[in-house]
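Written below as structure tokens is the structure these notes are about.
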Amino acid sequence: MEKSKILIIGATGSLGYHLAESSLKFCHPTFALIRDSSFSDPTKSHKLQCLSDAGVTLLKACFSSSLSCKFCLSLISFLRLTFYRQGSLQDEASLVEAVKLVDVVICAVSAKQTLQQKLLIRVIKQLGSIKRFIPSEFGSDPTKAKVCELQDGYNFYAPKIEIRKLVESEGIPYTFISCNFFMKVLLPSLVQPGLKDPPRDKVTIFGDGETKGVFMQESDVAAFTINAVDDPRTLNKVLYLRPTGNVCSLNELVELWETKIGKKLQRSRVSEEDLLQKIQATTFPENFELLFIYSAFIKGDHTYFEIEPSSGVNGTELYPQLRYTTISEFLDTLM
């Protein structure tokens, strides 16, 4: 079967970069729509060079040298000077021309840009040629979250729910990716807010420590996502990622770390009520670690529900051939 052509939006981000790499790895013709600002950032510019060298077609809206400033899409050259117009999610013309080239669109922008996907959704709807759209969600299922408005009416999940509803109401073929936590979030500190490294002496357990959360490596999320784009079993479904070895309670996580370092840690506990007070005493995003801990390890937003076959599928059951990094393997890198 011919592989779908894939457009990645947000390819210079951490997840977006892995998505582009995985798309190439699984032999999809791969395109990335790039913003002006990416070239003034040395890290992003290096990523773009690497992607280009690997075979990704980098697309950008640009001005022609003529006085008419005719719109065109250009393969970005790192060897010549080109003048670019503002593109990506804010430029309808560049979105239209890029979406015309592909079968699948994957958006991997940051959470703060979630609602900026509305123009992209409008373009996809108008063109009517996209076989699958994967919006930028990539976290816990926002429709299952018990944690909503904790302070000042702020709801972290509201923008993602709004985008979901818009995609569904427009009749756009979709797959939503529910991968829960990336391993780079909270796991390097053993779920200890404010720390960058895992503790060696003392550890805090939130709640009773028995509620389980899920952690995934970004490169693994990318591999599961790319495998889903041409799979009819994931059409108009949520792809849930809950691999064996990546679902873990705080008590299990601490015990696993103690086994690796050969030492028992002194435990202290924070009740649900005390944690909630700490969250309410600060504002988002300063309290995001506490908010995520409350969501996953107190309310169980990652694991309290069974996957409903009518609306969701289990990624590790669909793609047992995919190798993924386990929590234990990730902790080994922190030794």
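Labels for the structure tokens follow display order: chains A, B, ..., residues from 1 in each chain, ligands from 1.
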For Phe181 of chain A, work out the shell of residues within 7 Å, counting only C-alpha atoms and skipping chain neighbours fewer than 6 positions away, then give it as a list in words.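 Those residues are Gly139, Val214, Phe215 and Met216 of chain A.
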Would you output that residue set with N, CA, C and O atoms, as a compact mmCIF listing (two decimals), in the first residue's frame?
# COMPACT_ATOMS: atom_id res chain seq x y z
N GLY A 139 -1.42 14.18 25.38
CA GLY A 139 -1.36 14.22 26.83
C GLY A 139 -2.42 13.29 27.38
O GLY A 139 -2.80 12.32 26.73
N VAL A 214 0.91 7.27 33.90
CA VAL A 214 1.54 6.70 32.71
C VAL A 214 2.59 7.66 32.18
O VAL A 214 2.35 8.87 32.06
N PHE A 215 3.76 7.12 31.85
CA PHE A 215 4.85 7.91 31.28
C PHE A 215 5.27 7.30 29.94
O PHE A 215 5.38 6.08 29.81
N MET A 216 5.52 8.17 28.94
CA MET A 216 5.96 7.73 27.62
C MET A 216 7.11 8.58 27.12
O MET A 216 7.13 9.80 27.31
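Non-sequential neighbours of Thr30 of chain A (distance at most 8 Å, separation of 2 or more positions within a chain, only C-alpha atoms) are Lys5, Ile6, Leu7, Ile8, Ala20, Ser23, Leu24, His28, Ala32, Gly55, Val56 and Thr57 of chain A.
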Based on the selection just made, write N, CA, C and O atoms of those residues as an mmCIF file, in the first residue's frame.
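To be explicit, this is the file written out as selection-v4.cif:
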data_model
loop_
_atom_site.group_PDB
_atom_site.id
_atom_site.type_symbol
_atom_site.label_atom_id
_atom_site.label_comp_id
_atom_site.auth_asym_id
_atom_site.auth_seq_id
_atom_site.Cartn_x
_atom_site.Cartn_y
_atom_site.Cartn_z
ATOM 1 N N LYS A 5 1.357 10.804 2.409
ATOM 2 C CA LYS A 5 2.259 11.956 2.545
ATOM 3 C C LYS A 5 1.849 12.725 3.800
ATOM 4 O O LYS A 5 0.670 13.025 3.997
ATOM 5 N N ILE A 6 2.826 13.026 4.648
ATOM 6 C CA ILE A 6 2.541 13.600 5.969
ATOM 7 C C ILE A 6 3.140 14.996 6.101
ATOM 8 O O ILE A 6 4.314 15.214 5.782
ATOM 9 N N LEU A 7 2.332 15.926 6.596
ATOM 10 C CA LEU A 7 2.791 17.269 6.943
ATOM 11 C C LEU A 7 2.885 17.380 8.459
ATOM 12 O O LEU A 7 1.912 17.101 9.168
ATOM 13 N N ILE A 8 4.048 17.787 8.950
ATOM 14 C CA ILE A 8 4.255 18.021 10.383
ATOM 15 C C ILE A 8 4.281 19.526 10.623
ATOM 16 O O ILE A 8 5.062 20.251 10.000
ATOM 17 N N ALA A 20 8.708 13.868 12.801
ATOM 18 C CA ALA A 20 9.296 13.952 11.470
ATOM 19 C C ALA A 20 10.280 12.805 11.240
ATOM 20 O O ALA A 20 10.293 12.175 10.170
ATOM 21 N N SER A 23 8.281 9.587 10.820
ATOM 22 C CA SER A 23 7.613 9.582 9.521
ATOM 23 C C SER A 23 8.563 9.114 8.423
ATOM 24 O O SER A 23 8.208 8.289 7.570
ATOM 25 N N LEU A 24 9.784 9.614 8.462
ATOM 26 C CA LEU A 24 10.791 9.161 7.501
ATOM 27 C C LEU A 24 11.163 7.699 7.725
ATOM 28 O O LEU A 24 11.291 6.924 6.769
ATOM 29 N N HIS A 28 7.329 7.374 4.950
ATOM 30 C CA HIS A 28 6.326 8.319 4.477
ATOM 31 C C HIS A 28 7.013 9.532 3.844
ATOM 32 O O HIS A 28 7.969 10.074 4.425
ATOM 33 N N ALA A 32 7.440 19.542 6.308
ATOM 34 C CA ALA A 32 7.337 20.341 7.530
ATOM 35 C C ALA A 32 7.147 21.800 7.151
ATOM 36 O O ALA A 32 7.877 22.326 6.303
ATOM 37 N N GLY A 55 15.881 14.041 4.565
ATOM 38 C CA GLY A 55 14.905 13.847 3.504
ATOM 39 C C GLY A 55 13.570 14.525 3.699
ATOM 40 O O GLY A 55 12.662 14.368 2.871
ATOM 41 N N VAL A 56 13.415 15.294 4.785
ATOM 42 C CA VAL A 56 12.170 16.029 4.994
ATOM 43 C C VAL A 56 12.132 17.234 4.047
ATOM 44 O O VAL A 56 13.117 17.965 3.915
ATOM 45 N N THR A 57 10.996 17.438 3.396
ATOM 46 C CA THR A 57 10.817 18.613 2.563
ATOM 47 C C THR A 57 10.341 19.757 3.453
ATOM 48 O O THR A 57 9.264 19.681 4.045
#
Near segment 238-247 of chain A, within 9 Å and counting only C-alpha atoms, which residues show up once chain neighbours fewer than 2 positions away are dropped, as a CSV table (one decimal) with N, CA, C and O atoms, in the first residue's frame?
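For reference, result36.csv as written:
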chain,number,residue,atom,x,y,z
A,140,SER,N,-2.9,13.6,28.6
A,140,SER,CA,-4.0,12.8,29.1
A,140,SER,C,-5.3,13.2,28.3
A,140,SER,O,-5.4,14.3,27.8
A,141,ASP,N,-6.2,12.3,28.3
A,141,ASP,CA,-7.5,12.5,27.6
A,141,ASP,C,-8.2,13.7,28.3
A,141,ASP,O,-8.7,13.5,29.4
A,174,TYR,N,-10.1,12.0,11.9
A,174,TYR,CA,-9.1,12.3,12.9
A,174,TYR,C,-8.6,11.1,13.6
A,174,TYR,O,-9.2,10.0,13.6
A,175,THR,N,-7.5,11.3,14.3
A,175,THR,CA,-7.1,10.4,15.4
A,175,THR,C,-6.5,11.3,16.5
A,175,THR,O,-5.7,12.2,16.3
A,176,PHE,N,-7.0,11.1,17.7
A,176,PHE,CA,-6.5,11.9,18.9
A,176,PHE,C,-5.5,10.9,19.6
A,176,PHE,O,-5.8,9.8,19.8
A,177,ILE,N,-4.4,11.5,20.0
A,177,ILE,CA,-3.4,10.7,20.7
A,177,ILE,C,-3.4,11.0,22.2
A,177,ILE,O,-3.1,12.2,22.6
A,178,SER,N,-3.7,10.0,23.0
A,178,SER,CA,-3.6,10.2,24.5
A,178,SER,C,-2.4,9.4,25.0
A,178,SER,O,-2.5,8.2,25.2
A,179,CYS,N,-1.3,10.1,25.2
A,179,CYS,CA,-0.1,9.4,25.7
A,179,CYS,C,0.2,9.7,27.1
A,179,CYS,O,1.2,9.2,27.6
A,180,ASN,N,-0.6,10.6,27.8
A,180,ASN,CA,-0.4,11.0,29.2
A,180,ASN,C,0.9,11.7,29.4
A,180,ASN,O,1.2,12.7,28.6
A,212,LYS,N,-2.2,5.0,39.9
A,212,LYS,CA,-1.2,4.9,38.8
A,212,LYS,C,-1.2,5.9,37.7
A,212,LYS,O,-2.3,6.4,37.3
A,213,GLY,N,-0.1,6.4,37.3
A,213,GLY,CA,0.1,7.3,36.2
A,213,GLY,C,0.8,6.6,35.0
A,213,GLY,O,1.4,5.5,35.2
A,214,VAL,N,0.9,7.3,33.9
A,214,VAL,CA,1.5,6.7,32.7
A,214,VAL,C,2.6,7.7,32.2
A,214,VAL,O,2.3,8.9,32.1
A,215,PHE,N,3.8,7.1,31.8
A,215,PHE,CA,4.9,7.9,31.3
A,215,PHE,C,5.3,7.3,29.9
A,215,PHE,O,5.4,6.1,29.8
A,216,MET,N,5.5,8.2,28.9
A,216,MET,CA,6.0,7.7,27.6
A,216,MET,C,7.1,8.6,27.1
A,216,MET,O,7.1,9.8,27.3
A,221,VAL,N,6.1,7.9,21.5
A,221,VAL,CA,4.8,8.5,21.1
A,221,VAL,C,4.8,8.7,19.6
A,221,VAL,O,3.8,8.5,18.9
A,224,PHE,N,4.3,5.4,17.6
A,224,PHE,CA,2.9,4.9,17.6
A,224,PHE,C,2.0,5.8,16.8
A,224,PHE,O,1.1,5.3,16.1
A,225,THR,N,2.2,7.1,16.8
A,225,THR,CA,1.4,8.1,16.1
A,225,THR,C,1.5,7.8,14.6
A,225,THR,O,0.5,7.8,13.9
A,228,ALA,N,-0.3,4.9,13.2
A,228,ALA,CA,-1.7,5.0,13.3
A,228,ALA,C,-2.3,5.7,12.0
A,228,ALA,O,-3.5,5.6,11.7
A,234,THR,N,-7.8,3.1,13.6
A,234,THR,CA,-7.7,4.3,14.5
A,234,THR,C,-8.4,5.5,13.9
A,234,THR,O,-8.4,6.6,14.5
A,235,LEU,N,-9.2,5.2,12.9
A,235,LEU,CA,-9.9,6.3,12.2
A,235,LEU,C,-11.0,6.8,13.2
A,235,LEU,O,-11.9,6.0,13.6
A,236,ASN,N,-11.1,8.1,13.5
A,236,ASN,CA,-12.1,8.7,14.3
A,236,ASN,C,-12.1,8.0,15.7
A,236,ASN,O,-13.2,7.8,16.3
A,249,SER,N,2.5,3.4,40.0
A,249,SER,CA,2.1,4.2,41.1
A,249,SER,C,3.3,4.9,41.7
A,249,SER,O,4.5,4.5,41.4
A,302,HIS,N,-5.2,9.3,34.3
A,302,HIS,CA,-4.6,8.5,33.3
A,302,HIS,C,-5.2,7.1,33.2
A,302,HIS,O,-5.2,6.5,32.1
A,303,THR,N,-5.7,6.6,34.3
A,303,THR,CA,-6.0,5.1,34.3
A,303,THR,C,-7.3,4.7,35.0
A,303,THR,O,-7.6,3.6,35.0
A,307,ILE,N,-10.8,1.6,28.4
A,307,ILE,CA,-10.9,2.1,27.0
A,307,ILE,C,-12.2,1.6,26.4
A,307,ILE,O,-12.4,0.4,26.3
A,311,SER,N,-15.0,4.3,20.9
A,311,SER,CA,-14.3,5.6,20.7
A,311,SER,C,-12.8,5.6,20.9
A,311,SER,O,-12.1,6.6,20.6
A,312,GLY,N,-12.2,4.4,21.3
A,312,GLY,CA,-10.8,4.4,21.6
A,312,GLY,C,-10.2,3.0,21.3
A,312,GLY,O,-10.9,2.0,21.2
A,313,VAL,N,-8.9,3.0,21.1
A,313,VAL,CA,-8.1,1.8,20.9
A,313,VAL,C,-6.8,1.9,21.7
A,313,VAL,O,-6.3,3.0,22.0
A,314,ASN,N,-6.3,0.7,22.1
A,314,ASN,CA,-5.1,0.6,22.8
A,314,ASN,C,-3.9,0.4,21.9
A,314,ASN,O,-3.8,-0.6,21.1
A,315,GLY,N,-3.0,1.4,21.9
A,315,GLY,CA,-1.9,1.4,20.9
A,315,GLY,C,-0.9,0.3,21.0
A,315,GLY,O,-0.5,-0.3,20.0
A,316,THR,N,-0.7,-0.2,22.2
A,316,THR,CA,0.3,-1.3,22.4
A,316,THR,C,-0.3,-2.6,22.0
A,316,THR,O,0.4,-3.6,21.6
A,317,GLU,N,-1.7,-2.7,22.0
A,317,GLU,CA,-2.3,-3.9,21.4
A,317,GLU,C,-2.4,-3.9,19.9
A,317,GLU,O,-2.2,-4.9,19.3
A,324,TYR,N,9.5,0.1,22.9
A,324,TYR,CA,9.4,1.4,23.6
A,324,TYR,C,10.2,1.4,24.9
A,324,TYR,O,10.6,0.3,25.4
A,325,THR,N,10.6,2.5,25.3
A,325,THR,CA,11.4,2.7,26.6
A,325,THR,C,10.5,2.6,27.8
A,325,THR,O,9.4,3.2,27.9
A,326,THR,N,10.8,1.7,28.7
A,326,THR,CA,10.1,1.5,29.9
A,326,THR,C,10.5,2.5,31.0
A,326,THR,O,11.6,3.1,30.9
A,327,ILE,N,9.7,2.6,32.0
A,327,ILE,CA,10.1,3.5,33.1
A,327,ILE,C,11.4,3.0,33.8
A,327,ILE,O,12.3,3.8,34.1
A,328,SER,N,11.6,1.7,33.9
A,328,SER,CA,12.8,1.1,34.5
A,328,SER,C,14.0,1.5,33.6
A,328,SER,O,15.1,1.9,34.2
Polymer residues at most 12 Å from Leu291 of chain A, only C-alpha atoms, same-chain spacing of 5 or more positions, as an mmCIF file with N, CA, C and O atoms, in the first residue's frame:
data_model
loop_
_atom_site.group_PDB
_atom_site.id
_atom_site.type_symbol
_atom_site.label_atom_id
_atom_site.label_comp_id
_atom_site.auth_asym_id
_atom_site.auth_seq_id
_atom_site.Cartn_x
_atom_site.Cartn_y
_atom_site.Cartn_z
ATOM 1 N N ALA A 145 -10.647 13.984 32.135
ATOM 2 C CA ALA A 145 -9.986 14.608 33.280
ATOM 3 C C ALA A 145 -10.992 14.994 34.358
ATOM 4 O O ALA A 145 -11.977 15.683 34.097
ATOM 5 N N LYS A 146 -10.730 14.560 35.578
ATOM 6 C CA LYS A 146 -11.535 14.965 36.726
ATOM 7 C C LYS A 146 -11.083 16.319 37.253
ATOM 8 O O LYS A 146 -11.832 17.019 37.921
ATOM 9 N N VAL A 147 -9.817 16.658 36.961
ATOM 10 C CA VAL A 147 -9.257 17.929 37.401
ATOM 11 C C VAL A 147 -9.594 18.979 36.355
ATOM 12 O O VAL A 147 -9.103 18.935 35.234
ATOM 13 N N CYS A 148 -10.408 19.927 36.714
ATOM 14 C CA CYS A 148 -10.790 20.974 35.758
ATOM 15 C C CYS A 148 -10.475 22.340 36.350
ATOM 16 O O CYS A 148 -9.328 22.752 36.365
ATOM 17 N N GLU A 149 -11.456 23.002 36.871
ATOM 18 C CA GLU A 149 -11.245 24.348 37.386
ATOM 19 C C GLU A 149 -10.837 24.283 38.852
ATOM 20 O O GLU A 149 -11.669 24.108 39.739
ATOM 21 N N LEU A 150 -9.541 24.434 39.106
ATOM 22 C CA LEU A 150 -9.038 24.384 40.472
ATOM 23 C C LEU A 150 -8.863 25.773 41.064
ATOM 24 O O LEU A 150 -8.777 25.922 42.269
ATOM 25 N N GLN A 151 -8.771 26.794 40.233
ATOM 26 C CA GLN A 151 -8.516 28.127 40.753
ATOM 27 C C GLN A 151 -8.836 29.183 39.706
ATOM 28 O O GLN A 151 -8.499 29.033 38.531
ATOM 29 N N TYR A 154 -9.657 28.799 35.909
ATOM 30 C CA TYR A 154 -8.745 28.315 34.861
ATOM 31 C C TYR A 154 -8.939 26.823 34.651
ATOM 32 O O TYR A 154 -8.976 26.044 35.594
ATOM 33 N N ASN A 155 -9.054 26.414 33.415
ATOM 34 C CA ASN A 155 -9.228 25.010 33.051
ATOM 35 C C ASN A 155 -8.180 24.658 32.008
ATOM 36 O O ASN A 155 -8.297 25.042 30.845
ATOM 37 N N PHE A 156 -7.159 23.908 32.406
ATOM 38 C CA PHE A 156 -6.053 23.550 31.538
ATOM 39 C C PHE A 156 -6.535 22.774 30.314
ATOM 40 O O PHE A 156 -5.960 22.886 29.223
ATOM 41 N N TYR A 157 -7.587 21.978 30.494
ATOM 42 C CA TYR A 157 -8.024 21.082 29.427
ATOM 43 C C TYR A 157 -9.048 21.698 28.489
ATOM 44 O O TYR A 157 -9.345 21.126 27.434
ATOM 45 N N LEU A 186 8.377 15.305 35.174
ATOM 46 C CA LEU A 186 8.239 14.721 36.507
ATOM 47 C C LEU A 186 9.081 13.467 36.756
ATOM 48 O O LEU A 186 9.589 13.270 37.860
ATOM 49 N N VAL A 191 9.020 12.391 40.476
ATOM 50 C CA VAL A 191 7.779 13.097 40.820
ATOM 51 C C VAL A 191 7.956 13.906 42.102
ATOM 52 O O VAL A 191 7.121 13.880 43.016
ATOM 53 N N PRO A 193 8.334 17.774 43.001
ATOM 54 C CA PRO A 193 8.274 19.134 42.455
ATOM 55 C C PRO A 193 9.478 19.971 42.859
ATOM 56 O O PRO A 193 9.909 19.949 44.015
ATOM 57 N N PHE A 206 2.584 11.529 47.385
ATOM 58 C CA PHE A 206 1.355 12.309 47.354
ATOM 59 C C PHE A 206 0.156 11.367 47.418
ATOM 60 O O PHE A 206 0.077 10.399 46.657
ATOM 61 N N GLU A 272 -4.214 14.538 49.999
ATOM 62 C CA GLU A 272 -4.914 15.184 48.898
ATOM 63 C C GLU A 272 -5.311 16.603 49.263
ATOM 64 O O GLU A 272 -5.167 17.528 48.458
ATOM 65 N N LEU A 275 -2.235 18.911 49.270
ATOM 66 C CA LEU A 275 -1.778 19.164 47.905
ATOM 67 C C LEU A 275 -2.709 20.155 47.211
ATOM 68 O O LEU A 275 -2.249 21.082 46.522
ATOM 69 N N LEU A 276 -3.989 19.992 47.393
ATOM 70 C CA LEU A 276 -4.952 20.902 46.787
ATOM 71 C C LEU A 276 -4.770 22.329 47.302
ATOM 72 O O LEU A 276 -4.866 23.294 46.541
ATOM 73 N N GLN A 277 -4.475 22.466 48.575
ATOM 74 C CA GLN A 277 -4.217 23.796 49.141
ATOM 75 C C GLN A 277 -2.982 24.430 48.513
ATOM 76 O O GLN A 277 -2.965 25.636 48.220
ATOM 77 N N LYS A 278 -1.936 23.624 48.295
ATOM 78 C CA LYS A 278 -0.723 24.136 47.657
ATOM 79 C C LYS A 278 -1.012 24.611 46.233
ATOM 80 O O LYS A 278 -0.497 25.644 45.789
ATOM 81 N N ILE A 279 -1.821 23.851 45.509
ATOM 82 C CA ILE A 279 -2.175 24.231 44.140
ATOM 83 C C ILE A 279 -2.947 25.545 44.140
ATOM 84 O O ILE A 279 -2.677 26.451 43.337
ATOM 85 N N GLN A 280 -3.892 25.676 45.029
ATOM 86 C CA GLN A 280 -4.748 26.855 45.070
ATOM 87 C C GLN A 280 -4.024 28.092 45.593
ATOM 88 O O GLN A 280 -4.491 29.210 45.381
ATOM 89 N N ALA A 281 -2.890 27.884 46.239
ATOM 90 C CA ALA A 281 -2.116 29.011 46.767
ATOM 91 C C ALA A 281 -1.239 29.662 45.713
ATOM 92 O O ALA A 281 -0.668 30.728 45.935
ATOM 93 N N THR A 282 -1.126 29.008 44.541
ATOM 94 C CA THR A 282 -0.311 29.551 43.448
ATOM 95 C C THR A 282 -1.147 29.554 42.166
ATOM 96 O O THR A 282 -2.297 29.129 42.166
ATOM 97 N N THR A 283 -0.567 30.028 41.082
ATOM 98 C CA THR A 283 -1.289 30.112 39.816
ATOM 99 C C THR A 283 -0.554 29.327 38.736
ATOM 100 O O THR A 283 0.645 29.074 38.824
ATOM 101 N N PHE A 284 -1.295 28.957 37.709
ATOM 102 C CA PHE A 284 -0.698 28.282 36.556
ATOM 103 C C PHE A 284 0.042 29.317 35.709
ATOM 104 O O PHE A 284 -0.446 30.433 35.544
ATOM 105 N N PRO A 285 1.247 29.034 35.188
ATOM 106 C CA PRO A 285 1.882 27.708 35.123
ATOM 107 C C PRO A 285 2.839 27.391 36.276
ATOM 108 O O PRO A 285 3.463 26.341 36.264
ATOM 109 N N GLU A 286 2.961 28.291 37.253
ATOM 110 C CA GLU A 286 3.891 28.047 38.360
ATOM 111 C C GLU A 286 3.567 26.750 39.100
ATOM 112 O O GLU A 286 4.455 26.080 39.617
ATOM 113 N N ALA A 296 -2.909 13.064 37.910
ATOM 114 C CA ALA A 296 -2.534 11.678 37.620
ATOM 115 C C ALA A 296 -2.521 10.790 38.855
ATOM 116 O O ALA A 296 -3.042 9.664 38.824
ATOM 117 N N PHE A 297 -1.920 11.280 39.948
ATOM 118 C CA PHE A 297 -1.636 10.397 41.084
ATOM 119 C C PHE A 297 -2.593 10.553 42.263
ATOM 120 O O PHE A 297 -2.498 9.800 43.231
ATOM 121 N N ILE A 298 -3.515 11.512 42.166
ATOM 122 C CA ILE A 298 -4.588 11.608 43.150
ATOM 123 C C ILE A 298 -5.916 11.221 42.504
ATOM 124 O O ILE A 298 -6.610 10.310 42.966
ATOM 125 N N LYS A 299 -6.265 11.889 41.412
ATOM 126 C CA LYS A 299 -7.543 11.630 40.757
ATOM 127 C C LYS A 299 -7.488 10.467 39.766
ATOM 128 O O LYS A 299 -8.528 9.961 39.350
ATOM 129 N N ASP A 301 -6.428 10.397 36.579
ATOM 130 C CA ASP A 301 -6.924 10.768 35.253
ATOM 131 C C ASP A 301 -6.339 9.935 34.120
ATOM 132 O O ASP A 301 -6.933 9.859 33.041
#
- [ ] From segment 102-258 of chain A, collect each residue whose DSSP state is strand (DSSP E or B) and return the set as a PyMOL selection string.
- [x] chain A and resi 104-107+132-134+149-151+154-155+174-178+181-182+202-206+212-216+237-240+247-249
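Atom pair atom CA of Glu168 of chain A / atom CA of Gly13 of chain A has a distance of 26.1 Å (rounded to one decimal).
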Open item on the list: I'd like to know which of A:Glu289, A:Thr12, A:Phe26, A:Glu255 is closest to Asp41 of chain A, using only C-alpha atoms.
Closed with: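 Among the listed residues, the smallest separation from Asp41 of chain A belongs to A:Thr12.
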